[in-house]
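Student: This is work_1.cif (mmCIF, C-alpha atoms).
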data_run
loop_
_atom_site.label_atom_id
_atom_site.label_comp_id
_atom_site.auth_asym_id
_atom_site.auth_seq_id
_atom_site.Cartn_x
_atom_site.Cartn_y
_atom_site.Cartn_z
CA MET Z 251 -11.73 -29.67 -77.10
CA THR Z 252 -8.13 -28.77 -76.97
CA ALA Z 253 -5.69 -29.84 -74.26
CA GLN Z 254 -5.52 -26.27 -72.96
CA GLU Z 255 -9.32 -26.16 -72.50
CA ASN Z 256 -9.27 -29.51 -70.69
CA ALA Z 257 -6.62 -28.21 -68.28
CA GLU Z 258 -8.67 -25.08 -67.61
CA ASP Z 259 -11.79 -27.20 -66.78
CA VAL Z 260 -9.80 -29.34 -64.37
CA ARG Z 261 -8.45 -26.27 -62.62
CA LEU Z 262 -11.92 -24.72 -62.18
CA GLN Z 263 -13.37 -27.96 -60.80
CA ALA Z 264 -10.53 -28.21 -58.27
CA ALA Z 265 -11.15 -24.64 -57.12
CA GLN Z 266 -14.83 -25.30 -56.33
CA PRO Z 267 -15.55 -26.29 -52.70
CA ASP Z 268 -16.59 -29.84 -51.87
CA PRO Z 269 -20.31 -29.82 -50.89
CA SER Z 270 -19.76 -32.71 -48.45
CA VAL Z 271 -17.36 -30.64 -46.32
CA PRO Z 272 -19.04 -28.06 -44.00
CA ILE Z 273 -17.87 -24.52 -44.44
CA ARG Z 274 -16.73 -22.75 -41.26
CA VAL Z 275 -16.95 -18.99 -41.27
CA ALA Z 276 -14.32 -17.29 -39.14
CA GLU Z 277 -15.35 -14.43 -36.88
CA PRO Z 278 -12.19 -12.38 -36.48
CA ALA Z 279 -14.09 -9.22 -35.47
CA VAL Z 280 -15.86 -10.96 -32.58
CA GLN Z 281 -12.70 -12.70 -31.41
CA GLU Z 282 -10.72 -9.48 -31.65
CA GLY Z 283 -13.40 -7.65 -29.70
CA ARG Z 284 -13.31 -10.27 -27.00
CA ARG Z 285 -9.55 -10.05 -26.77
CA ARG Z 286 -9.78 -6.27 -26.68
CA ARG Z 287 -12.45 -6.17 -23.96
CA GLY Z 288 -10.57 -8.57 -21.67
CA PRO Z 289 -7.70 -6.25 -20.65
CA ALA Z 290 -10.10 -3.30 -20.44
CA VAL Z 291 -12.39 -5.14 -18.04
CA LYS Z 292 -9.41 -6.22 -15.95
CA SER Z 293 -8.09 -2.68 -15.95
CA TRP Z 294 -11.37 -1.20 -14.77
CA ALA Z 295 -11.75 -3.95 -12.16
CA GLY Z 296 -8.25 -3.24 -10.88
CA ARG Z 297 -8.92 0.49 -10.65
CA LEU Z 298 -12.22 -0.09 -8.90
CA ALA Z 299 -10.59 -2.46 -6.42
CA LEU Z 300 -8.02 0.25 -5.71
CA ILE Z 301 -10.44 3.17 -5.45
CA VAL Z 302 -13.00 1.55 -3.15
CA PRO Z 303 -10.55 0.83 -0.28
CA LEU Z 304 -9.12 4.33 -0.59
CA LEU Z 305 -12.60 5.84 -0.35
CA LEU Z 306 -13.33 3.66 2.69
CA ILE Z 307 -10.16 4.80 4.46
CA ALA Z 308 -10.85 8.43 3.57
CA GLY Z 309 -14.41 8.11 4.90
CA LEU Z 310 -13.24 6.62 8.20
CA VAL Z 311 -10.68 9.39 8.68
CA LEU Z 312 -12.50 12.44 7.34
CA VAL Z 313 -16.21 11.80 7.91
CA PRO Z 314 -16.69 8.95 10.44
CA GLN Z 315 -20.03 10.49 11.46
CA LEU Z 316 -21.52 9.22 8.21
CA LEU Z 317 -21.06 5.64 9.41
CA ALA Z 318 -21.56 6.24 13.14
CA SER Z 319 -23.29 9.46 14.13
CA GLY Z 320 -23.32 8.83 17.87
CA ASP Z 321 -20.88 10.10 20.49
CA PRO Z 322 -18.15 7.46 20.94
CA THR Z 323 -17.45 8.62 24.52
CA ALA Z 324 -21.05 8.69 25.80
CA PRO Z 325 -22.86 5.67 27.31
CA VAL Z 326 -25.85 4.60 25.22
CA SER Z 327 -27.05 1.42 26.91
CA THR Z 328 -26.43 -1.09 29.66
CA ALA Z 329 -22.81 -2.08 30.18
CA LEU Z 330 -21.51 -5.26 28.55
CA THR Z 331 -24.48 -5.73 26.23
CA ALA Z 332 -23.88 -8.46 23.65
CA PRO Z 333 -24.04 -7.63 19.90
CA SER Z 334 -27.63 -7.11 18.77
CA PRO Z 335 -29.59 -5.27 16.05
CA ASP Z 336 -29.61 -2.19 18.29
CA HIS Z 337 -25.86 -2.35 18.96
CA TRP Z 338 -24.12 -4.25 16.18
CA PHE Z 339 -20.83 -4.68 18.08
CA GLY Z 340 -22.32 -4.62 21.59
CA THR Z 341 -21.36 -2.21 24.36
CA ASP Z 342 -18.28 -1.97 26.56
CA ASP Z 343 -17.90 -1.93 30.32
CA LEU Z 344 -19.20 1.66 30.50
CA GLY Z 345 -22.16 1.17 28.15
CA ARG Z 346 -20.55 2.87 25.15
CA ASP Z 347 -21.35 1.55 21.67
CA VAL Z 348 -18.43 -0.56 20.40
CA PHE Z 349 -19.35 -0.05 16.74
CA THR Z 350 -19.26 3.72 17.13
CA ARG Z 351 -15.94 3.55 18.95
CA THR Z 352 -14.52 1.23 16.29
CA VAL Z 353 -15.49 3.61 13.48
CA TRP Z 354 -14.16 6.70 15.27
CA GLY Z 355 -11.09 4.81 16.51
CA ALA Z 356 -9.71 4.51 12.99
CA ARG Z 357 -8.74 8.19 12.82
CA PRO Z 358 -5.89 8.26 15.42
CA ILE Z 359 -4.09 5.18 14.11
CA VAL Z 360 -4.54 5.89 10.39
CA VAL Z 361 -3.55 9.56 10.71
CA ALA Z 362 -0.51 8.69 12.84
CA SER Z 363 0.56 6.06 10.30
CA LEU Z 364 0.12 8.35 7.29
CA ILE Z 365 1.96 11.30 8.83
CA GLY Z 366 4.65 8.98 10.19
CA ILE Z 367 5.22 7.41 6.77
CA LEU Z 368 5.38 10.91 5.26
CA ILE Z 369 8.15 11.78 7.73
CA SER Z 370 9.90 8.50 6.93
CA THR Z 371 9.71 9.22 3.22
CA VAL Z 372 11.17 12.73 3.45
CA ALA Z 373 13.89 11.76 5.92
CA GLY Z 374 14.72 8.45 4.25
CA VAL Z 375 14.88 9.84 0.71
CA THR Z 376 17.09 12.70 1.92
CA MET Z 377 19.49 10.35 3.70
CA GLY Z 378 19.52 7.98 0.74
CA LEU Z 379 20.36 10.78 -1.67
CA LEU Z 380 23.11 12.10 0.59
CA GLY Z 381 24.56 8.64 1.02
CA GLY Z 382 24.43 7.86 -2.69
CA LEU Z 383 25.95 11.15 -3.85
CA ALA Z 384 28.43 11.84 -1.04
CA PRO Z 385 32.14 10.97 -1.22
CA PRO Z 386 32.97 7.32 -0.40
CA PHE Z 387 34.05 8.02 3.19
CA VAL Z 388 30.92 9.99 4.09
CA SER Z 389 28.68 7.59 2.18
CA GLY Z 390 30.17 4.59 3.96
CA LEU Z 391 29.78 6.24 7.36
CA ILE Z 392 26.11 7.10 6.74
CA MET Z 393 25.22 3.63 5.52
CA ARG Z 394 27.05 1.83 8.34
CA VAL Z 395 25.02 3.82 10.86
CA LEU Z 396 21.83 2.94 8.96
CA ASP Z 397 22.85 -0.73 8.89
CA VAL Z 398 23.16 -0.73 12.66
CA ILE Z 399 19.70 0.85 12.99
CA LEU Z 400 18.19 -1.59 10.48
CA ALA Z 401 19.46 -4.46 12.61
CA LEU Z 402 16.90 -3.43 15.24
CA PRO Z 403 13.17 -4.16 14.81
CA ALA Z 404 11.11 -1.11 13.90
CA LEU Z 405 8.88 -1.60 16.94
CA LEU Z 406 11.90 -1.51 19.25
CA ILE Z 407 13.07 1.75 17.65
CA ALA Z 408 9.57 3.19 18.06
CA LEU Z 409 9.49 2.18 21.73
CA MET Z 410 12.85 3.87 22.29
CA VAL Z 411 11.52 7.07 20.71
CA VAL Z 412 8.34 7.19 22.80
CA ALA Z 413 10.37 6.36 25.91
CA ILE Z 414 12.41 9.50 25.24
CA ALA Z 415 9.68 11.77 23.86
CA GLY Z 416 6.88 10.62 26.17
CA SER Z 417 3.34 9.44 25.50
CA GLY Z 418 0.82 11.09 23.22
CA PRO Z 419 -0.34 11.10 19.57
CA THR Z 420 2.57 13.34 18.52
CA SER Z 421 5.08 10.92 20.01
CA VAL Z 422 3.48 8.04 18.09
CA VAL Z 423 3.79 9.98 14.83
CA VAL Z 424 7.45 10.77 15.47
CA ALA Z 425 8.15 7.18 16.54
CA VAL Z 426 6.66 5.76 13.34
CA GLY Z 427 8.59 8.29 11.24
CA VAL Z 428 11.92 7.50 12.89
CA ALA Z 429 11.36 3.74 12.88
CA TYR Z 430 10.88 3.40 9.11
CA ALA Z 431 13.16 6.13 7.77
CA PRO Z 432 16.25 3.82 7.62
CA ALA Z 433 14.41 1.37 5.36
CA PHE Z 434 13.57 4.16 2.90
CA ALA Z 435 17.15 5.41 3.04
CA ARG Z 436 18.58 1.96 2.25
CA VAL Z 437 16.37 1.46 -0.80
CA VAL Z 438 16.98 4.98 -2.14
CA TYR Z 439 20.73 4.66 -1.54
CA GLY Z 440 20.94 1.52 -3.67
CA SER Z 441 18.89 3.08 -6.46
CA VAL Z 442 20.96 6.28 -6.47
CA ARG Z 443 24.21 4.33 -6.65
CA ARG Z 444 22.81 2.51 -9.67
CA LEU Z 445 21.38 5.57 -11.42
CA ARG Z 446 24.37 7.87 -10.95
CA THR Z 447 26.42 5.74 -13.36
CA THR Z 448 23.84 5.71 -16.17
CA ASP Z 449 24.61 7.40 -19.47
CA TYR Z 450 22.06 10.21 -19.22
CA VAL Z 451 23.23 11.24 -15.75
CA SER Z 452 26.87 11.17 -16.87
CA ALA Z 453 25.99 13.18 -19.97
CA ALA Z 454 24.14 15.77 -17.88
CA ARG Z 455 27.19 16.08 -15.65
CA VAL Z 456 29.50 16.50 -18.65
CA PHE Z 457 27.32 19.26 -20.10
CA GLY Z 458 27.58 21.24 -16.88
CA GLY Z 459 24.52 20.13 -14.96
CA SER Z 460 24.84 20.83 -11.26
CA GLN Z 461 24.32 18.20 -8.59
CA THR Z 462 21.01 19.75 -7.56
CA HIS Z 463 19.82 19.86 -11.16
CA ASN Z 464 20.69 16.19 -11.68
CA VAL Z 465 18.91 15.18 -8.50
CA PHE Z 466 15.62 16.91 -9.35
CA ARG Z 467 15.79 16.41 -13.12
CA HIS Z 468 17.10 12.85 -13.42
CA LEU Z 469 17.35 10.96 -10.13
CA LEU Z 470 14.10 11.74 -8.29
CA PRO Z 471 11.81 11.22 -11.32
CA ASN Z 472 13.30 7.75 -11.79
CA LEU Z 473 12.84 6.97 -8.09
CA THR Z 474 9.16 7.90 -8.01
CA THR Z 475 7.85 4.40 -8.70
CA GLU Z 476 10.09 2.72 -6.15
CA ILE Z 477 9.23 5.29 -3.49
CA ALA Z 478 5.50 4.99 -4.15
CA VAL Z 479 5.61 1.20 -3.90
CA LEU Z 480 7.69 1.37 -0.74
CA VAL Z 481 5.33 3.90 0.86
CA SER Z 482 2.25 1.80 0.14
CA SER Z 483 4.00 -1.33 1.41
CA ALA Z 484 5.26 0.32 4.59
CA LEU Z 485 1.82 1.63 5.52
CA GLY Z 486 0.73 -1.76 6.84
CA TRP Z 487 3.74 -1.99 9.13
CA ALA Z 488 3.15 1.57 10.28
CA LEU Z 489 -0.45 0.71 11.18
CA LEU Z 490 0.76 -2.26 13.18
CA THR Z 491 3.37 -0.16 14.98
CA ALA Z 492 0.93 2.67 15.78
CA GLY Z 493 -1.67 0.19 17.00
CA THR Z 494 0.88 -1.55 19.21
CA LEU Z 495 2.03 1.73 20.74
CA SER Z 496 -1.59 2.66 21.47
CA PHE Z 497 -2.21 -0.79 22.93
CA LEU Z 498 0.74 -0.29 25.29
CA GLY Z 499 -0.64 3.08 26.42
CA PHE Z 500 1.67 5.44 24.52
CA GLY Z 501 -1.01 6.84 22.19
CA VAL Z 502 -4.29 8.58 22.95
CA SER Z 503 -5.82 8.20 26.40
CA LEU Z 504 -9.28 7.05 27.39
CA PRO Z 505 -12.08 7.91 26.91
CA ALA Z 506 -10.99 8.92 23.37
CA PRO Z 507 -11.71 6.11 20.88
CA ASP Z 508 -8.70 4.27 19.46
CA TRP Z 509 -8.31 0.74 18.17
CA GLY Z 510 -5.27 -0.02 20.27
CA VAL Z 511 -6.69 1.50 23.45
CA ASP Z 512 -10.03 -0.31 23.06
CA LEU Z 513 -8.23 -3.56 22.32
CA ALA Z 514 -6.28 -3.22 25.57
CA SER Z 515 -9.25 -2.09 27.67
CA GLY Z 516 -11.31 -5.13 26.68
CA GLY Z 517 -8.60 -7.62 27.58
CA LYS Z 518 -9.93 -8.22 31.08
CA TYR Z 519 -13.40 -9.03 29.72
CA LEU Z 520 -12.44 -11.64 27.14
CA ASP Z 521 -14.20 -14.45 29.00
CA SER Z 522 -17.49 -12.58 29.42
CA ALA Z 523 -17.52 -9.78 26.80
CA TRP Z 524 -15.30 -10.91 23.95
CA TRP Z 525 -16.71 -8.31 21.54
CA ILE Z 526 -14.99 -5.36 23.26
CA SER Z 527 -11.55 -6.47 22.05
CA THR Z 528 -12.53 -8.61 19.08
CA PHE Z 529 -13.92 -5.91 16.81
CA PRO Z 530 -11.08 -3.37 17.29
CA GLY Z 531 -8.63 -6.23 16.73
CA LEU Z 532 -10.40 -7.23 13.53
CA ALA Z 533 -10.35 -3.60 12.41
CA ILE Z 534 -6.56 -3.44 12.87
CA THR Z 535 -6.13 -6.73 11.00
CA GLY Z 536 -8.38 -5.60 8.16
CA ALA Z 537 -6.56 -2.27 7.86
CA ILE Z 538 -3.18 -4.02 7.63
CA LEU Z 539 -4.42 -6.49 5.01
CA LEU Z 540 -6.01 -3.65 3.07
CA SER Z 541 -2.79 -1.64 3.11
CA ASN Z 542 -0.83 -4.66 1.88
CA TYR Z 543 -3.32 -5.09 -0.95
CA LEU Z 544 -3.00 -1.42 -1.82
CA GLY Z 545 0.79 -1.82 -1.90
CA ASP Z 546 0.56 -4.66 -4.41
CA SER Z 547 -2.01 -2.76 -6.47
CA VAL Z 548 0.07 0.41 -6.57
CA GLY Z 549 3.13 -1.58 -7.62
CA SER Z 550 1.25 -3.33 -10.43
CA LEU Z 551 -0.43 -0.10 -11.54
CA LEU Z 552 2.74 1.98 -11.74
CA ASP Z 553 4.98 -0.69 -13.22
CA PRO Z 554 3.73 -4.28 -13.69
CA HIS Z 555 7.28 -5.47 -14.47
CA ARG Z 556 8.45 -4.43 -11.00
CA SER Z 557 5.87 -6.36 -9.02
CA THR Z 558 8.38 -9.04 -8.05
CA ALA Z 559 11.00 -6.47 -7.07
CA ALA Z 560 8.43 -4.57 -5.03
CA ARG Z 561 7.56 -7.68 -3.07
CA GLN Z 562 11.24 -8.27 -2.43
CA GLN Z 563 11.62 -4.70 -1.13
CA LYS Z 564 9.03 -5.42 1.56
CA THR Z 565 11.57 -7.59 3.33
CA VAL Z 566 13.64 -4.48 4.05
CA ILE Z 567 10.91 -3.21 6.41
CA HIS Z 568 10.61 -5.19 9.59
#
Translate the structure of the given file into structure tokens.
Tutor:
Amino acid sequence: MTAQENAEDVRLQAAQPDPSVPIRVAEPAVQEGRRRRGPAVKSWAGRLALIVPLLLIAGLVLVPQLLASGDPTAPVSTALTAPSPDHWFGTDDLGRDVFTRTVWGARPIVVASLIGILISTVAGVTMGLLGGLAPPFVSGLIMRVLDVILALPALLIALMVVAIAGSGPTSVVVAVGVAYAPAFARVVYGSVRRLRTTDYVSAARVFGGSQTHNVFRHLLPNLTTEIAVLVSSALGWALLTAGTLSFLGFGVSLPAPDWGVDLASGGKYLDSAWWISTFPGLAITGAILLSNYLGDSVGSLLDPHRSTAARQQKTVIH
């Protein structure tokens, strides 16, 4: 046997696997499938966790009779009946079902908060755009006025508005809208000042784009995410403000159901009928926590990289 044949035999023997060593078969397809299903499951779970609260809020506002078909203003049993299988949340001092009033009481506060935040968004975005695009003197004047307003708590601004406009659901809506518009304006102003110096906005201006065209074509589309996150974050504060105004007697009047009104009316029965105030108070707390969760979810859904910035923007609203 030649030396070349001996070298070939040695090479073939070295290439054969050792029978004493167990062979491990890799499963790249299974591992890849697991890695691929993980983000999908998380994505669907995140969407489901966002859709379910929205459906619950929509049901309370649009079709509360599906959850509580009774008349929230009519007595149904003996006054001050404790929670029982017949009346889950008990009855109030007039014998009205507290559960029915709690379900129907969501509509005034939620609707006032949503419409108020819509007013804040339109007014705040408009003021922010004017301040960011106006000449330095006008821009400085607008923002100094907004800084003075932002120094005041939103609840104090809302109380000043209802003191001038009077009581009623419309006054609560206007008060919420006025109270949170400066916060929207401040955020939009900073973003516009940053975006107006970008290359694509400068190029559009050089090629003859008008100010209106640049606003609707370049500025507003890039502000959509920040505005959406700010709206969802401000909703919780708006709910708290609307509930406080109703609690103080500036919202709807009895016997109409309202979380704030029912919370106030049950205050004198806390020692003997705690459920009259407890369940409307828990409803307000749950709605605020739910709105804060929706704000975080909307921020992560629209732009996960801006979740930290979105949380920092919440400090602007107070």
Student: For each of Z:Leu330, Z:Ile477, Z:Val438, Z:Ile369, take the minimum atom-to-atom distance to Z:Tyr519, counting all atoms listed in the file, then give the residue where this is smallest.
Tutor: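 Selected residue with least distance to Z:Tyr519: Z:Leu330.
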Student: For this structure, which residues satisfy the selection - the PyMOL selection byres ((chain Z and resi 496-511) around 8) - when it is evaluated on the file as given? I want them as a list in words.
Tutor: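 This file gives the following for the PyMOL selection byres ((chain Z and resi 496-511) around 8): Pro322, Thr323, Arg351, Thr352, Trp354, Gly355, Ala356, Arg357, Pro358, Ile359, Val412, Gly416, Ser417, Gly418, Pro419, Ser421, Val422, Ala492, Gly493, Thr494, Leu495, Asp512, Leu513, Ala514, Ser515, Pro530, Gly531, Ala533 and Ile534 of chain Z.
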Student: Please return the centre and edge lengths, in Å to one decimal, of a box with edges along x, y and z that contains all listed atoms of stretch 317-335 of chain Z, widened by 4 Å on every side, as AutoDock Vina command-line options.
Tutor:
--center_x -23.5 --center_y 0.8 --center_z 19.8 --size_x 20.1 --size_y 26.6 --size_z 28.8
Student: Can you pull out the residues contacting Z:Leu405? Cut-off 10 Å, using only C-alpha atoms, and skip same-chain residues under 6 positions away; I want them as number ranges by chain.
Tutor: Z: 411, 425-426, 429-430, 487-488, 490-492, 494-495, 568
Student: Using Å and a single decimal, report how far atom CA of Z:Thr475 sits from atom CA of Z:Asp546.
Tutor: 12.4 Å
Student: How would you write, as a CSV table (one decimal) with C-alpha atoms, in the coordinates of the input, the residues chosen by the PyMOL selection byres ((chain Z and resi 311) around 8) on this structure?
Tutor:
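Result written to result14.csv:
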chain,number,residue,atom,x,y,z
Z,307,ILE,CA,-10.2,4.8,4.5
Z,308,ALA,CA,-10.8,8.4,3.6
Z,309,GLY,CA,-14.4,8.1,4.9
Z,310,LEU,CA,-13.2,6.6,8.2
Z,312,LEU,CA,-12.5,12.4,7.3
Z,313,VAL,CA,-16.2,11.8,7.9
Z,314,PRO,CA,-16.7,9.0,10.4
Z,354,TRP,CA,-14.2,6.7,15.3
Z,356,ALA,CA,-9.7,4.5,13.0
Z,357,ARG,CA,-8.7,8.2,12.8
Z,360,VAL,CA,-4.5,5.9,10.4
Z,361,VAL,CA,-3.6,9.6,10.7
Student: To one decimal in Å, tell me the separation between atom CA of Z:Ser327 and atom CA of Z:Leu306.
Tutor: 27.9 Å
Student: For Z:Ser334, work out the shell of residues within 12 Å, counting only C-alpha atoms and skipping chain neighbours fewer than 3 positions away, then give it as a PyMOL selection string.
Tutor: chain Z and resi 327+330-331+337-341+347-349+525
Student: Please expand the PyMOL selection byres ((chain Z and resi 480-482) around 9) into the concrete residues it hits in this file, giving the result as a ChimeraX atom specification.
Tutor: /Z:367-368,370-371,434,437,475-479,483-486,541-546,548-549,560,563-564
Student: In Å, with one decimal, what is the gap from atom CA of Z:Leu539 to atom CA of Z:Ile365?
Tutor: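 Atom CA of Z:Ile365 lies at a distance of 19.3 Å from atom CA of Z:Leu539.
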